[in-house]
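Okay, structure first, notes after.
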Amino acid sequence: MFDLAGQIIGNTIYATTASLPNEPSYTCYFDKDLGTDVGDVYSVYWMENTELATKDTTLQEQFAYTKKKTTTSHVMQYGDLSIAKLPISQFLGSKKSSMSLAGAELTRTVNNKDFPLVMAQQSGDYHKLSELSTGRQFLDTVFEEYVNSIQ
């Protein structure tokens, strides 16, 4: 989305993303009651760092922390990188949260593209799993044929 950031957003916006434009990010924190993952690796570490930040912690320091902790994808930053020198507190305030995710362990991560397959498998819905797998195989074949036709 931001891979053409210089052309699209210019020098007035700073953004970070969970992954490169052509790679998936990963979900985490499966909630049994909801039957779904309720977080993704990048966002969990971003929120954790936001909670731990002092009033002087910069967006660049937050980016470095999140990038180091997120090992499932390539965390990226785009736009006006001079904005990253500013403190997080300038955007979110300096009041501390009464709740914290800090130190929570990621016990499992799932590729976002595979999440529907994992959910069907976990719920025992083998008809849905078969349907999703067949659809994925069909799309893989269509795209492979298309790529071969233009080479």
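Residues in the structure tokens are named by chain (A, B, ... in the order shown) and by number from 1 within that chain; ligands are numbered from 1 in the order shown.
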
Discussion item. Can you tell me which residues surround Lys32 (chain A) at a distance of at most 12 Å, considering only C-alpha atoms, apart from same-chain residues fewer than 4 positions away, and format the answer as a list in words?
Written reply: Thr36, Asp37, Val38, Met119, Gln122 and Ser123 of chain A

Discussion item. When you look at Thr57 (chain A) with a cut-off of 7 Å (counting only C-alpha atoms), what residues show up, excluding the ones that are within fewer than 4 positions of it in the same chain? I need them as an NGL selection string.
Written reply: :A and (53 or 61 or 87-88)

Taking N, CA and C atoms for each residue, export the selection above as a short mmCIF file (atom, residue, chain, number, x, y, z; two decimals), in the first residue's frame.
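Ended up saving to part-v5.cif:
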data_model
loop_
_atom_site.label_atom_id
_atom_site.label_comp_id
_atom_site.auth_asym_id
_atom_site.auth_seq_id
_atom_site.Cartn_x
_atom_site.Cartn_y
_atom_site.Cartn_z
N ALA A 53 6.42 3.00 26.53
CA ALA A 53 7.09 4.23 26.13
C ALA A 53 7.04 5.30 27.22
N GLU A 61 12.25 5.10 17.64
CA GLU A 61 12.58 4.08 18.64
C GLU A 61 11.48 3.01 18.68
N PRO A 87 8.37 12.55 19.51
CA PRO A 87 7.95 11.61 20.56
C PRO A 87 6.54 11.08 20.33
N ILE A 88 6.34 9.82 20.70
CA ILE A 88 5.02 9.19 20.60
C ILE A 88 3.98 10.01 21.36
#

Worksheet item: Which is closer to Tyr45 (chain A) than all the others in A:Thr58, A:Asn111, A:Asn22, A:Thr72, using only C-alpha atoms?
Response: A:Thr72

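CA of Leu139 (chain A) is found 27.5 Å from CA of Val75 (chain A).
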
Fill in: Exercise: His74 (chain A) partners within 12 Å, only C-alpha atoms, chain neighbours under 3 positions left out, as a ChimeraX atom specification
/A:16-26,41-42,63-64,66-71,77

Discussion item. Among chain A, which residues does DSSP mark as helix (DSSP H, G or I) when it is run on the backbone? Keep the chain and numbering as in the structure and answer as an MDAnalysis selection string.
Written reply: chainID A and resid 5:8 41:52 59:69 81:85 89:92 112:123 126:150

Got time to write the residues from that selection, C-alpha atoms, as a JSON list (two decimals), in the first residue's frame?
[["chain", "number", "residue", "atom", "x", "y", "z"],
["A", 5, "ALA", "CA", 4.75, 6.42, -0.70],
["A", 6, "GLY", "CA", 6.95, 9.17, -2.10],
["A", 7, "GLN", "CA", 4.64, 9.60, -5.06],
["A", 8, "ILE", "CA", 1.38, 9.12, -3.18],
["A", 41, "VAL", "CA", 2.25, -9.99, 15.73],
["A", 42, "TYR", "CA", 3.16, -6.49, 14.53],
["A", 43, "SER", "CA", 0.23, -4.76, 16.25],
["A", 44, "VAL", "CA", 0.79, -6.60, 19.52],
["A", 45, "TYR", "CA", 4.42, -5.47, 19.69],
["A", 46, "TRP", "CA", 3.48, -1.95, 18.57],
["A", 47, "MET", "CA", 0.91, -1.71, 21.39],
["A", 48, "GLU", "CA", 3.34, -3.25, 23.88],
["A", 49, "ASN", "CA", 5.95, -0.63, 23.03],
["A", 50, "THR", "CA", 3.37, 2.16, 23.19],
["A", 51, "GLU", "CA", 2.50, 1.05, 26.73],
["A", 52, "LEU", "CA", 6.17, 0.92, 27.77],
["A", 59, "LEU", "CA", 8.38, 7.03, 16.77],
["A", 60, "GLN", "CA", 11.77, 5.88, 15.39],
["A", 61, "GLU", "CA", 12.58, 4.08, 18.64],
["A", 62, "GLN", "CA", 9.13, 2.48, 18.52],
["A", 63, "PHE", "CA", 9.73, 1.40, 14.92],
["A", 64, "ALA", "CA", 13.12, -0.13, 15.82],
["A", 65, "TYR", "CA", 11.59, -2.02, 18.77],
["A", 66, "THR", "CA", 8.64, -3.30, 16.76],
["A", 67, "LYS", "CA", 10.87, -4.31, 13.84],
["A", 68, "LYS", "CA", 13.23, -6.23, 16.14],
["A", 69, "LYS", "CA", 10.42, -8.07, 17.95],
["A", 81, "LEU", "CA", 10.90, 9.84, 8.09],
["A", 82, "SER", "CA", 11.76, 13.12, 9.85],
["A", 83, "ILE", "CA", 8.41, 12.73, 11.64],
["A", 84, "ALA", "CA", 9.85, 9.58, 13.26],
["A", 85, "LYS", "CA", 12.13, 11.84, 15.36],
["A", 89, "SER", "CA", 3.47, 11.30, 23.36],
["A", 90, "GLN", "CA", 2.99, 14.14, 20.87],
["A", 91, "PHE", "CA", 0.44, 11.95, 19.06],
["A", 92, "LEU", "CA", -1.00, 9.75, 21.81],
["A", 112, "ASN", "CA", -2.96, -14.21, 7.50],
["A", 113, "LYS", "CA", -3.50, -15.90, 4.12],
["A", 114, "ASP", "CA", -3.78, -19.30, 5.83],
["A", 115, "PHE", "CA", -6.03, -18.13, 8.66],
["A", 116, "PRO", "CA", -9.34, -19.28, 7.08],
["A", 117, "LEU", "CA", -7.82, -22.74, 6.50],
["A", 118, "VAL", "CA", -6.59, -22.99, 10.08],
["A", 119, "MET", "CA", -9.98, -21.91, 11.45],
["A", 120, "ALA", "CA", -11.83, -24.48, 9.32],
["A", 121, "GLN", "CA", -9.41, -27.19, 10.44],
["A", 122, "GLN", "CA", -9.65, -26.23, 14.13],
["A", 123, "SER", "CA", -13.45, -26.20, 14.05],
["A", 126, "TYR", "CA", -13.72, -30.34, 6.75],
["A", 127, "HIS", "CA", -16.23, -29.40, 4.03],
["A", 128, "LYS", "CA", -15.18, -25.74, 4.38],
["A", 129, "LEU", "CA", -11.51, -26.76, 4.54],
["A", 130, "SER", "CA", -11.88, -28.75, 1.32],
["A", 131, "GLU", "CA", -13.76, -25.88, -0.33],
["A", 132, "LEU", "CA", -11.05, -23.37, 0.63],
["A", 133, "SER", "CA", -8.23, -25.69, -0.48],
["A", 134, "THR", "CA", -9.91, -26.35, -3.83],
["A", 135, "GLY", "CA", -10.43, -22.62, -4.38],
["A", 136, "ARG", "CA", -6.82, -21.88, -3.54],
["A", 137, "GLN", "CA", -5.58, -24.60, -5.93],
["A", 138, "PHE", "CA", -7.81, -23.19, -8.69],
["A", 139, "LEU", "CA", -6.44, -19.67, -8.20],
["A", 140, "ASP", "CA", -2.86, -20.95, -8.09],
["A", 141, "THR", "CA", -3.43, -22.71, -11.43],
["A", 142, "VAL", "CA", -5.07, -19.65, -13.03],
["A", 143, "PHE", "CA", -2.27, -17.33, -11.93],
["A", 144, "GLU", "CA", 0.45, -19.78, -12.98],
["A", 145, "GLU", "CA", -1.12, -20.12, -16.43],
["A", 146, "TYR", "CA", -1.42, -16.35, -16.75],
["A", 147, "VAL", "CA", 2.19, -15.73, -15.74],
["A", 148, "ASN", "CA", 3.38, -18.40, -18.18],
["A", 149, "SER", "CA", 1.32, -16.82, -20.97],
["A", 150, "ILE", "CA", 2.98, -13.40, -20.62]]

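For region 10-117 of chain A, backbone-based DSSP assignment of strand (DSSP E or B) covers Tyr14, Ala15, Thr16, Thr17, Tyr26, Thr27, Cys28, Tyr29, Phe30, Asp31, Thr36, Asp37, Val38, Gly39, Asp40, Thr58, Met76, Gln77, Tyr78, Gly79, Pro87, Thr109, Val110 and Asn111 of chain A.
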
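Each of A:Lys95, A:Arg108, A:Met76, A:Asp125 was checked against Tyr29 (chain A) using only C-alpha atoms; the smallest atom-to-atom distance is that of A:Arg108.
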